[in-house]
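**Student:** Below you will find the structure I want to go over with you.
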Amino acid sequence: MSLALPVYRFRLEPYLEFAKKAFAREATYRFEVFTNVGSLILRIYLMRMVWLALYAQNAAPQGIALHQILTYTVIALLMSLILEVDGTRMIREKLREGTIATDFMKPISPALYFFSDGLGQTLLHGILIVPSLLVALLMVHIDVPPPAALAAFAVSFVLGYLVNFMLNFCMNCVAFWTLESFAVQLIVRWCSDLLSGQIIPLLFFPGILQQIVLALPFAAIYSTPLLIYIGKIPPGGYVEALLVQVGWLLVFAAAGTVIWRAAQRRLVVQGG
Amino acid sequence: MAERLAIWGDVYRQYWRINVLTALEYRANFLVWFGFTFIYHATALIALWIILQEFPSMNGWNFPQMAFLYSLWMLAHSINNTLFLTVGDVPEHVREGEFDRVFVRPLNALFQIITTPQQIFPDELILALSLFVLATIWSGVTVDWWFVVFIPLIVMGGALIDFAINLVIATCSFWFVRVDALRWIAFQLEQEFTRYPISIYTKGVRLVLTFLLPFAFMNYFPATFFLDKAEDALHLSPFVGLATPLVGLVCFVLAYWFWIIGLNKYQGVGH
């Protein structure tokens, strides 16, 4: 493969097609879809029992009432249906099989191709939120915040999605150097689940730990949208909270660009 | 008979030699996976610790006691993962048509399955042992003769429960091509529902975890016995906690019997 990458005129249609293809492909794994929803329901039950037991014998800590924590947990689990999709894992798979070389020869931007593929996958998993929400409503009462908070939550969720997407993208690009990056990625995933507030609100972390986790980029993924949703970030704090998320997004986008450029060079060198 | 046992022993020794050699060959890989195992259990424990900073107890269990509960499960689970992990590959072997080779070799089928070389190293077991020692000291469990005699038996019984359930699920693949959903649900019940005392669940779930998928015998019942707690989930005698080895044996015998039925069925239809 030569260093001269093909020059082409940018058109949007191919990428829409890629997204549609990814959507259709994911839809064929009906079974996986079913397990996803099933395990989500089990987890909603589990977390509901855990919080009920904790709140039964103790006062509400950090001013978070039982109905707020249950809402937090269910919304976090529904968000995870979308956020746990690793949109660019194809990079890792294609690297192992070596087929990524042909993607670089096509008259498209490989990075955009992987992004649109990820988008298609996300859309399919996004649809799953509907049945999951309906089942969740049978099990738990979920608070609905005022429209302003709901709107801020939506914006914040999109930003969190993008931060998460770029983080995964960077991790998948690690495979250009190590080839076996799956375990590293799982490690980051487990840490991220804990540090992003997906499992427990970051406000429950004690003392100095709380300040640290709130300052880490992981907080931009789950914690910020969720705290807006349950009202722990008041309307006066929206702008600041959203700006911090935008800041992290820019950091990861910049990192992603640098890594991708280096990866491209590296691939060319490896491929001879 | 003695000759037969000698052959089994020899095969088993060779199997572990290959495992350890492979692990040594791919050292970087091994280190990364070890890091993964460590982080997996560490995040679970840290989450429990954080919750129990804000709330002094969960149904009367404090953090050191919950850590003891977790370590008891982890010990049994890691023994199962170290010795019997490959049972989980049976559905894939069946699907890919690779299972038939088991029948042409002159060794017990299940023994062949659990001696399929993999990159297994007892790293999780070592972690589990360390956590168990720490949690025992922390939670102030009295280490007496009961403890010394029963803990090893209970841990082995717990591993057998884990193994038996995995074996039943694997055997289902002789009838159904896909058993992943079943496996997933059992996996989640085992990994996540055993983290908390089962008294927090509704009655139905407590009964399932005691009688249908008896994960509660891996850690909840023994832990209530050794921590001198009242068993307030099903109001049974605390001595139920000592029944784990027996429950493990019964589960294994039933699972093995089901496995034999599955094997006969598989051969019967002439695959």
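In the structure tokens, each chain is lettered A, B, ... as it comes, each chain's residues begin at 1, and ligands are numbered from 1 in order of appearance.
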Need the shell around B:Leu160: protein/DNA/RNA residues with any atom at most 8 Å away, counting only C-alpha atoms. Skip same-chain ones fewer than 4 positions apart. Format as a PyMOL selection string?
**Tutor:** chain B and resi 80+156+164+248-249+251-252
**Student:** Which residues, written as a PDB file with N, CA and C atoms, in the first residue's frame, have at least one atom at most 12 Å from B:Phe225, with only C-alpha atoms counted and residues fewer than 4 positions away on the same chain left out?
**Tutor:**
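Written file, around-v5.pdb:
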ATOM      1  N   GLN B  65     -18.070  -7.377  56.737  1.00  0.00           N
ATOM      2  CA  GLN B  65     -18.876  -8.596  56.601  1.00  0.00           C
ATOM      3  C   GLN B  65     -19.256  -8.842  55.146  1.00  0.00           C
ATOM      4  N   PHE B  68     -16.317 -10.267  53.451  1.00  0.00           N
ATOM      5  CA  PHE B  68     -16.204 -11.700  53.755  1.00  0.00           C
ATOM      6  C   PHE B  68     -17.161 -12.496  52.867  1.00  0.00           C
ATOM      7  N   LEU B  69     -18.381 -11.974  52.733  1.00  0.00           N
ATOM      8  CA  LEU B  69     -19.386 -12.597  51.862  1.00  0.00           C
ATOM      9  C   LEU B  69     -18.854 -12.698  50.432  1.00  0.00           C
ATOM     10  N   VAL B 141     -14.084 -12.804  62.127  1.00  0.00           N
ATOM     11  CA  VAL B 141     -14.609 -14.173  62.203  1.00  0.00           C
ATOM     12  C   VAL B 141     -13.701 -14.986  63.133  1.00  0.00           C
ATOM     13  N   THR B 142     -14.289 -15.777  64.018  1.00  0.00           N
ATOM     14  CA  THR B 142     -13.461 -16.599  64.900  1.00  0.00           C
ATOM     15  C   THR B 142     -12.896 -17.775  64.110  1.00  0.00           C
ATOM     16  N   TRP B 146     -14.115 -25.428  63.731  1.00  0.00           N
ATOM     17  CA  TRP B 146     -15.219 -25.413  62.758  1.00  0.00           C
ATOM     18  C   TRP B 146     -14.748 -24.751  61.464  1.00  0.00           C
ATOM     19  N   PHE B 147     -14.098 -23.611  61.640  1.00  0.00           N
ATOM     20  CA  PHE B 147     -13.631 -22.821  60.498  1.00  0.00           C
ATOM     21  C   PHE B 147     -12.610 -23.608  59.682  1.00  0.00           C
ATOM     22  N   PHE B 150     -14.339 -26.762  58.107  1.00  0.00           N
ATOM     23  CA  PHE B 150     -15.442 -26.575  57.166  1.00  0.00           C
ATOM     24  C   PHE B 150     -15.160 -25.629  55.996  1.00  0.00           C
ATOM     25  N   ILE B 151     -14.334 -24.593  56.208  1.00  0.00           N
ATOM     26  CA  ILE B 151     -14.123 -23.637  55.109  1.00  0.00           C
ATOM     27  C   ILE B 151     -13.619 -24.312  53.821  1.00  0.00           C
ATOM     28  N   ILE B 154     -16.497 -26.178  52.333  1.00  0.00           N
ATOM     29  CA  ILE B 154     -17.530 -25.273  51.828  1.00  0.00           C
ATOM     30  C   ILE B 154     -17.108 -24.641  50.509  1.00  0.00           C
ATOM     31  N   PHE B 217     -25.819 -20.935  48.640  1.00  0.00           N
ATOM     32  CA  PHE B 217     -24.982 -21.850  49.428  1.00  0.00           C
ATOM     33  C   PHE B 217     -23.491 -21.597  49.198  1.00  0.00           C
ATOM     34  N   ASN B 219     -22.075 -18.606  49.286  1.00  0.00           N
ATOM     35  CA  ASN B 219     -21.564 -17.639  50.258  1.00  0.00           C
ATOM     36  C   ASN B 219     -22.555 -17.182  51.329  1.00  0.00           C
ATOM     37  N   TYR B 220     -23.819 -16.962  50.973  1.00  0.00           N
ATOM     38  CA  TYR B 220     -24.714 -16.348  51.963  1.00  0.00           C
ATOM     39  C   TYR B 220     -24.908 -17.221  53.207  1.00  0.00           C
ATOM     40  N   PHE B 221     -25.293 -18.489  53.011  1.00  0.00           N
ATOM     41  CA  PHE B 221     -25.552 -19.347  54.177  1.00  0.00           C
ATOM     42  C   PHE B 221     -24.286 -19.599  55.008  1.00  0.00           C
ATOM     43  N   LYS B 229     -24.616 -14.624  62.420  1.00  0.00           N
ATOM     44  CA  LYS B 229     -25.770 -13.781  62.132  1.00  0.00           C
ATOM     45  C   LYS B 229     -27.038 -14.615  62.154  1.00  0.00           C
ATOM     46  N   ALA B 230     -28.153 -13.938  62.398  1.00  0.00           N
ATOM     47  CA  ALA B 230     -29.425 -14.630  62.288  1.00  0.00           C
ATOM     48  C   ALA B 230     -29.719 -14.752  60.795  1.00  0.00           C
ATOM     49  N   GLU B 231     -30.199 -15.944  60.371  1.00  0.00           N
ATOM     50  CA  GLU B 231     -30.517 -16.119  58.958  1.00  0.00           C
ATOM     51  C   GLU B 231     -31.922 -15.580  58.771  1.00  0.00           C
ATOM     52  N   ASP B 232     -32.041 -14.345  58.285  1.00  0.00           N
ATOM     53  CA  ASP B 232     -33.372 -13.742  58.233  1.00  0.00           C
ATOM     54  C   ASP B 232     -33.951 -13.678  56.822  1.00  0.00           C
ATOM     55  N   LEU B 236     -33.986 -20.023  58.389  1.00  0.00           N
ATOM     56  CA  LEU B 236     -33.524 -21.395  58.564  1.00  0.00           C
ATOM     57  C   LEU B 236     -32.521 -21.419  59.713  1.00  0.00           C
ATOM     58  N   SER B 237     -32.177 -22.615  60.155  1.00  0.00           N
ATOM     59  CA  SER B 237     -31.168 -22.738  61.200  1.00  0.00           C
ATOM     60  C   SER B 237     -29.824 -22.273  60.642  1.00  0.00           C
ATOM     61  N   PRO B 238     -28.998 -21.596  61.436  1.00  0.00           N
ATOM     62  CA  PRO B 238     -27.697 -21.150  60.919  1.00  0.00           C
ATOM     63  C   PRO B 238     -26.834 -22.311  60.432  1.00  0.00           C
ATOM     64  N   PHE B 239     -27.093 -23.514  60.946  1.00  0.00           N
ATOM     65  CA  PHE B 239     -26.276 -24.674  60.561  1.00  0.00           C
ATOM     66  C   PHE B 239     -26.467 -25.071  59.093  1.00  0.00           C
ATOM     67  N   VAL B 240     -27.485 -24.490  58.440  1.00  0.00           N
ATOM     68  CA  VAL B 240     -27.681 -24.734  57.005  1.00  0.00           C
ATOM     69  C   VAL B 240     -26.414 -24.360  56.238  1.00  0.00           C
ATOM     70  N   GLY B 241     -25.705 -23.367  56.784  1.00  0.00           N
ATOM     71  CA  GLY B 241     -24.466 -22.921  56.139  1.00  0.00           C
ATOM     72  C   GLY B 241     -23.420 -24.010  56.004  1.00  0.00           C
ATOM     73  N   LEU B 242     -23.512 -25.036  56.851  1.00  0.00           N
ATOM     74  CA  LEU B 242     -22.528 -26.118  56.783  1.00  0.00           C
ATOM     75  C   LEU B 242     -22.930 -27.187  55.771  1.00  0.00           C
ATOM     76  N   ALA B 243     -24.118 -27.005  55.165  1.00  0.00           N
ATOM     77  CA  ALA B 243     -24.605 -28.020  54.223  1.00  0.00           C
ATOM     78  C   ALA B 243     -24.021 -27.853  52.826  1.00  0.00           C
ATOM     79  N   THR B 244     -23.280 -26.762  52.609  1.00  0.00           N
ATOM     80  CA  THR B 244     -22.763 -26.481  51.262  1.00  0.00           C
ATOM     81  C   THR B 244     -22.043 -27.657  50.593  1.00  0.00           C
TER      82      THR B 244
END
**Student:** For a quick check of understanding, using only C-alpha atoms, which of B:Thr22, B:Gln188, B:Asn264, B:Thr115 has the smallest distance to chain A?
**Tutor:**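 Closest to chain A of all the choices is B:Gln188.
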**Student:** May I have the residues within 9 Å of B:Ser173 as a list in words, using only C-alpha atoms and disregarding those fewer than 2 positions away in the same chain?
**Tutor:**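 Once the nearby chain positions are removed, what remains is Val90, Pro91, Glu92, Val94, Arg95, Ile169, Ala170, Thr171, Trp175, Phe176, Val177, Arg178, Val179 and Gly262 of chain B.
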**Student:** Rounded to one decimal, what separation in Å do you get between atom CA of A:Cys170 and atom CA of A:Leu226?
**Tutor:**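 Taking atom CA of A:Cys170 as the start and atom CA of A:Leu226 as the end point, the length is 24.5 Å.
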**Student:** Could you please select, counting only C-alpha atoms, the residues of chain A within 6 Å of chain B and state them as a VMD selection string?
**Tutor:** chain A and resid 35 49 53 to 54 187 205
**Student:** Please produce a file of the residues just selected, as a PDB file, in the first residue's frame, where the atoms kept are N, CA, C and O atoms.
**Tutor:**
ATOM      1  N   THR A  35     -31.123 -10.596  25.049  1.00  0.00           N
ATOM      2  CA  THR A  35     -30.348 -10.741  26.303  1.00  0.00           C
ATOM      3  C   THR A  35     -30.068  -9.385  26.930  1.00  0.00           C
ATOM      4  O   THR A  35     -30.074  -9.258  28.144  1.00  0.00           O
ATOM      5  N   MET A  49     -33.738  -3.371  44.830  1.00  0.00           N
ATOM      6  CA  MET A  49     -33.710  -4.036  46.129  1.00  0.00           C
ATOM      7  C   MET A  49     -32.550  -3.519  46.975  1.00  0.00           C
ATOM      8  O   MET A  49     -32.680  -3.337  48.186  1.00  0.00           O
ATOM      9  N   ALA A  53     -33.126  -1.594  50.529  1.00  0.00           N
ATOM     10  CA  ALA A  53     -32.567  -2.110  51.782  1.00  0.00           C
ATOM     11  C   ALA A  53     -31.716  -1.050  52.470  1.00  0.00           C
ATOM     12  O   ALA A  53     -31.769  -0.892  53.690  1.00  0.00           O
ATOM     13  N   LEU A  54     -30.938  -0.309  51.667  1.00  0.00           N
ATOM     14  CA  LEU A  54     -30.062   0.704  52.269  1.00  0.00           C
ATOM     15  C   LEU A  54     -30.876   1.854  52.866  1.00  0.00           C
ATOM     16  O   LEU A  54     -30.579   2.327  53.956  1.00  0.00           O
ATOM     17  N   ILE A 187     -10.486  -3.172  30.925  1.00  0.00           N
ATOM     18  CA  ILE A 187     -10.052  -2.543  32.173  1.00  0.00           C
ATOM     19  C   ILE A 187     -10.561  -1.104  32.224  1.00  0.00           C
ATOM     20  O   ILE A 187     -11.159  -0.665  33.208  1.00  0.00           O
ATOM     21  N   PHE A 205     -19.250   9.345  46.782  1.00  0.00           N
ATOM     22  CA  PHE A 205     -17.830   9.110  47.065  1.00  0.00           C
ATOM     23  C   PHE A 205     -17.417   9.999  48.233  1.00  0.00           C
ATOM     24  O   PHE A 205     -17.801  11.155  48.291  1.00  0.00           O
TER      25      PHE A 205
END
**Student:** My list of candidates is A:Leu128, A:Val188, A:Thr122, A:Leu112. Which is closest to A:Thr257 when distances are computed with only C-alpha atoms?
**Tutor:**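 Under the stated criterion, the closest residue is A:Leu112.
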**Student:** So how many Å separate atom CA of A:Trp260 and atom CA of A:Phe165, to one decimal?
**Tutor:**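 A separation of 14.2 Å between them.
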**Student:** Rank A:Ser132, A:Asn168, A:Gln211, A:Thr224 by their smallest atom-to-atom distance to A:Leu42, using only C-alpha atoms, and report the top residue only.
**Tutor:**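 Among the listed residues, A:Ser132 lies closest to A:Leu42.
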**Student:** If we count only C-alpha atoms, what is near stretch 58-71 of chain A at a cut-off of 8 Å, once residues fewer than 3 positions away on the same chain are taken out, given as a list of chain:residue names?
**Tutor:**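 What passes the distance filter is A:Arg48, A:Trp51, A:Leu52, A:Leu54, A:Tyr55, A:Val74, A:Ile75, A:Val140, A:His141, A:Ile142, A:Asp143, A:Leu203, A:Phe204, A:Ile230, B:Glu54, B:Phe55, B:Pro56.
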**Student:** I need the residues from that last selection saved to file as an mmCIF file, in the first residue's frame (with N, CA and C atoms), if you can.
**Tutor:**
data_model
loop_
_atom_site.group_PDB
_atom_site.id
_atom_site.type_symbol
_atom_site.label_atom_id
_atom_site.label_comp_id
_atom_site.auth_asym_id
_atom_site.auth_seq_id
_atom_site.Cartn_x
_atom_site.Cartn_y
_atom_site.Cartn_z
ATOM 1 N N ARG A 48 -32.854 -1.921 42.588
ATOM 2 C CA ARG A 48 -34.012 -1.449 43.350
ATOM 3 C C ARG A 48 -33.992 -2.066 44.746
ATOM 4 N N TRP A 51 -31.071 -0.505 46.898
ATOM 5 C CA TRP A 51 -31.343 0.835 47.439
ATOM 6 C C TRP A 51 -32.469 0.803 48.468
ATOM 7 N N LEU A 52 -33.467 -0.018 48.231
ATOM 8 C CA LEU A 52 -34.557 -0.113 49.221
ATOM 9 C C LEU A 52 -34.004 -0.567 50.563
ATOM 10 N N LEU A 54 -30.938 -0.309 51.667
ATOM 11 C CA LEU A 54 -30.062 0.704 52.269
ATOM 12 C C LEU A 54 -30.876 1.854 52.866
ATOM 13 N N TYR A 55 -31.902 2.292 52.141
ATOM 14 C CA TYR A 55 -32.673 3.442 52.612
ATOM 15 C C TYR A 55 -33.616 3.063 53.747
ATOM 16 N N VAL A 74 -32.321 3.897 37.242
ATOM 17 C CA VAL A 74 -33.010 3.405 36.038
ATOM 18 C C VAL A 74 -32.565 4.191 34.810
ATOM 19 N N ILE A 75 -32.478 5.525 34.931
ATOM 20 C CA ILE A 75 -32.049 6.323 33.785
ATOM 21 C C ILE A 75 -30.613 5.941 33.394
ATOM 22 N N VAL A 140 -40.505 0.267 38.728
ATOM 23 C CA VAL A 140 -40.056 1.404 39.531
ATOM 24 C C VAL A 140 -40.778 2.663 39.079
ATOM 25 N N HIS A 141 -41.036 3.564 40.024
ATOM 26 C CA HIS A 141 -41.575 4.863 39.638
ATOM 27 C C HIS A 141 -40.415 5.766 39.244
ATOM 28 N N ILE A 142 -40.499 6.392 38.071
ATOM 29 C CA ILE A 142 -39.421 7.270 37.615
ATOM 30 C C ILE A 142 -39.905 8.714 37.617
ATOM 31 N N ASP A 143 -39.130 9.601 38.233
ATOM 32 C CA ASP A 143 -39.481 11.027 38.239
ATOM 33 C C ASP A 143 -39.315 11.609 36.849
ATOM 34 N N LEU A 203 -21.653 11.655 43.949
ATOM 35 C CA LEU A 203 -21.834 12.418 45.186
ATOM 36 C C LEU A 203 -21.694 11.527 46.423
ATOM 37 N N PHE A 204 -21.777 10.201 46.224
ATOM 38 C CA PHE A 204 -21.629 9.294 47.365
ATOM 39 C C PHE A 204 -20.162 8.995 47.687
ATOM 40 N N ILE A 230 -31.827 14.489 37.852
ATOM 41 C CA ILE A 230 -32.460 14.388 39.174
ATOM 42 C C ILE A 230 -32.432 15.719 39.931
ATOM 43 N N GLU B 54 -21.584 5.748 53.083
ATOM 44 C CA GLU B 54 -22.751 6.613 53.249
ATOM 45 C C GLU B 54 -23.814 5.961 54.134
ATOM 46 N N PHE B 55 -23.939 4.661 53.975
ATOM 47 C CA PHE B 55 -24.940 3.924 54.747
ATOM 48 C C PHE B 55 -24.192 2.981 55.681
ATOM 49 N N PRO B 56 -24.437 3.062 56.978
ATOM 50 C CA PRO B 56 -23.656 2.214 57.892
ATOM 51 C C PRO B 56 -23.850 0.711 57.681
#
**Student:** Please provide as a ChimeraX atom specification all residues within 10 Å of B:Ala109, with the sequence filter that same-chain residues fewer than 6 positions apart are discarded (counting only C-alpha atoms).
**Tutor:** /B:99,101-103,259-260,263
**Student:** For B:Phe132, list every protein, DNA or RNA residue within 9 Å, evaluated using only C-alpha atoms, and leave out those in the same chain fewer than 5 positions away; present the list as an MDAnalysis selection string.
**Tutor:** chainID B and resid 67:68 70:72 74:75 127 137
**Student:** Go ahead and write the selection's residues with all heavy atoms as an mmCIF file, in the first residue's frame.
**Tutor:**
data_model
loop_
_atom_site.group_PDB
_atom_site.id
_atom_site.type_symbol
_atom_site.label_atom_id
_atom_site.label_comp_id
_atom_site.auth_asym_id
_atom_site.auth_seq_id
_atom_site.Cartn_x
_atom_site.Cartn_y
_atom_site.Cartn_z
ATOM 1 N N ALA B 67 -17.458 -7.874 52.666
ATOM 2 C CA ALA B 67 -16.212 -8.301 52.015
ATOM 3 C C ALA B 67 -15.991 -9.795 52.252
ATOM 4 O O ALA B 67 -15.557 -10.517 51.347
ATOM 5 C CB ALA B 67 -15.027 -7.493 52.532
ATOM 6 N N PHE B 68 -16.317 -10.267 53.451
ATOM 7 C CA PHE B 68 -16.204 -11.700 53.755
ATOM 8 C C PHE B 68 -17.161 -12.496 52.867
ATOM 9 O O PHE B 68 -16.798 -13.529 52.294
ATOM 10 C CB PHE B 68 -16.502 -11.945 55.238
ATOM 11 C CG PHE B 68 -16.329 -13.383 55.660
ATOM 12 C CD1 PHE B 68 -15.068 -13.938 55.799
ATOM 13 C CD2 PHE B 68 -17.437 -14.185 55.916
ATOM 14 C CE1 PHE B 68 -14.906 -15.254 56.176
ATOM 15 C CE2 PHE B 68 -17.283 -15.508 56.289
ATOM 16 C CZ PHE B 68 -16.009 -16.050 56.420
ATOM 17 N N TYR B 70 -18.279 -11.592 49.961
ATOM 18 C CA TYR B 70 -17.756 -11.542 48.593
ATOM 19 C C TYR B 70 -16.592 -12.516 48.429
ATOM 20 O O TYR B 70 -16.509 -13.239 47.435
ATOM 21 C CB TYR B 70 -17.304 -10.119 48.256
ATOM 22 C CG TYR B 70 -16.950 -9.920 46.806
ATOM 23 C CD1 TYR B 70 -17.919 -9.523 45.895
ATOM 24 C CD2 TYR B 70 -15.657 -10.136 46.323
ATOM 25 C CE1 TYR B 70 -17.612 -9.338 44.559
ATOM 26 C CE2 TYR B 70 -15.337 -9.964 44.991
ATOM 27 C CZ TYR B 70 -16.326 -9.563 44.115
ATOM 28 O OH TYR B 70 -16.021 -9.394 42.782
ATOM 29 N N SER B 71 -15.685 -12.537 49.425
ATOM 30 C CA SER B 71 -14.478 -13.345 49.266
ATOM 31 C C SER B 71 -14.805 -14.838 49.280
ATOM 32 O O SER B 71 -14.151 -15.625 48.612
ATOM 33 C CB SER B 71 -13.460 -13.015 50.360
ATOM 34 O OG SER B 71 -13.880 -13.535 51.595
ATOM 35 N N LEU B 72 -15.838 -15.200 50.028
ATOM 36 C CA LEU B 72 -16.239 -16.605 50.065
ATOM 37 C C LEU B 72 -16.751 -17.038 48.681
ATOM 38 O O LEU B 72 -16.415 -18.110 48.177
ATOM 39 C CB LEU B 72 -17.338 -16.779 51.117
ATOM 40 C CG LEU B 72 -17.417 -18.102 51.859
ATOM 41 C CD1 LEU B 72 -16.075 -18.511 52.397
ATOM 42 C CD2 LEU B 72 -18.423 -17.994 53.000
ATOM 43 N N MET B 74 -15.976 -15.507 45.858
ATOM 44 C CA MET B 74 -14.865 -15.381 44.917
ATOM 45 C C MET B 74 -13.946 -16.603 44.982
ATOM 46 O O MET B 74 -13.454 -17.082 43.957
ATOM 47 C CB MET B 74 -14.078 -14.113 45.217
ATOM 48 C CG MET B 74 -13.018 -13.790 44.184
ATOM 49 S SD MET B 74 -12.153 -12.274 44.628
ATOM 50 C CE MET B 74 -10.753 -12.373 43.530
ATOM 51 N N LEU B 75 -13.749 -17.115 46.193
ATOM 52 C CA LEU B 75 -12.888 -18.284 46.369
ATOM 53 C C LEU B 75 -13.481 -19.497 45.624
ATOM 54 O O LEU B 75 -12.803 -20.149 44.834
ATOM 55 C CB LEU B 75 -12.765 -18.577 47.869
ATOM 56 C CG LEU B 75 -11.489 -19.197 48.389
ATOM 57 C CD1 LEU B 75 -10.261 -18.492 47.858
ATOM 58 C CD2 LEU B 75 -11.472 -19.148 49.917
ATOM 59 N N LEU B 127 -5.613 -14.240 44.056
ATOM 60 C CA LEU B 127 -6.286 -13.007 44.487
ATOM 61 C C LEU B 127 -7.377 -13.324 45.502
ATOM 62 O O LEU B 127 -7.513 -12.648 46.528
ATOM 63 C CB LEU B 127 -6.929 -12.299 43.291
ATOM 64 C CG LEU B 127 -6.053 -11.439 42.403
ATOM 65 C CD1 LEU B 127 -6.880 -10.853 41.274
ATOM 66 C CD2 LEU B 127 -5.420 -10.320 43.228
ATOM 67 N N ILE B 137 -9.806 -11.523 58.731
ATOM 68 C CA ILE B 137 -9.232 -10.737 59.824
ATOM 69 C C ILE B 137 -10.118 -9.527 60.121
ATOM 70 O O ILE B 137 -10.476 -9.238 61.258
ATOM 71 C CB ILE B 137 -7.805 -10.281 59.446
ATOM 72 C CG1 ILE B 137 -6.906 -11.506 59.258
ATOM 73 C CG2 ILE B 137 -7.224 -9.356 60.516
ATOM 74 C CD1 ILE B 137 -5.567 -11.200 58.633
#
**Student:** Figure out the distance between atom CA of B:Tyr256 and atom CA of B:Gln112, please, to one decimal in Å.
**Tutor:** 14.1 Å
**Student:** With a distance cut-off of 10 Å and only C-alpha atoms, select the neighbouring residues of A:Thr88, excluding the residue or stretch itself and same-chain residues fewer than 4 positions from it, and output the selection as a list of chain:residue names.
**Tutor:**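 Returned residues: A:Arg92, A:Glu93, A:Ala111, A:Tyr113, A:Phe114, A:Phe115, A:Ser116, A:Asp117, A:Gly118, A:Leu119, A:Gln121, A:Phe165, A:Met166, A:Asn168, A:Phe169, A:Cys170, A:Met171, A:Asn172, A:Cys173.
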**Student:** Could you save the residues just selected, with C-alpha atoms, as a tab-separated table (two decimals), in the first residue's frame?
**Tutor:**
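Output saved as selection-v5.tsv:
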chain	number	residue	atom	x	y	z
A	92	ARG	CA	-9.91	-3.62	16.43
A	93	GLU	CA	-11.50	-6.55	14.61
A	111	ALA	CA	-12.40	7.40	10.19
A	113	TYR	CA	-16.66	5.26	7.80
A	114	PHE	CA	-16.10	3.86	11.30
A	115	PHE	CA	-18.02	6.77	12.83
A	116	SER	CA	-21.07	6.27	10.62
A	117	ASP	CA	-20.97	2.55	11.31
A	118	GLY	CA	-20.94	3.31	15.03
A	119	LEU	CA	-23.83	5.72	14.61
A	121	GLN	CA	-25.26	0.59	15.71
A	165	PHE	CA	-17.50	7.52	21.67
A	166	MET	CA	-14.18	9.36	21.34
A	168	ASN	CA	-13.65	4.22	22.85
A	169	PHE	CA	-12.22	5.36	19.52
A	170	CYS	CA	-8.89	6.21	21.15
A	171	MET	CA	-8.86	2.86	22.97
A	172	ASN	CA	-9.61	0.94	19.78
A	173	CYS	CA	-6.79	2.74	18.01
**Student:** May I have all residues of stretch 13-187 of chain B that DSSP, computed from the backbone, assigns to helix (DSSP H, G or I), given as number ranges by chain?
**Tutor:** B: 13-25, 27-54, 63-83, 85-96, 99-104, 109-114, 123-139, 145-172, 180-187
**Student:** Return the single residue from A:Val33, A:Leu123, A:Gln57, A:Met47 that is closest to B:Trp61, with distances computed using only C-alpha atoms.
**Tutor:**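 Among A:Val33, A:Leu123, A:Gln57, A:Met47, it is A:Gln57 that comes nearest to B:Trp61.
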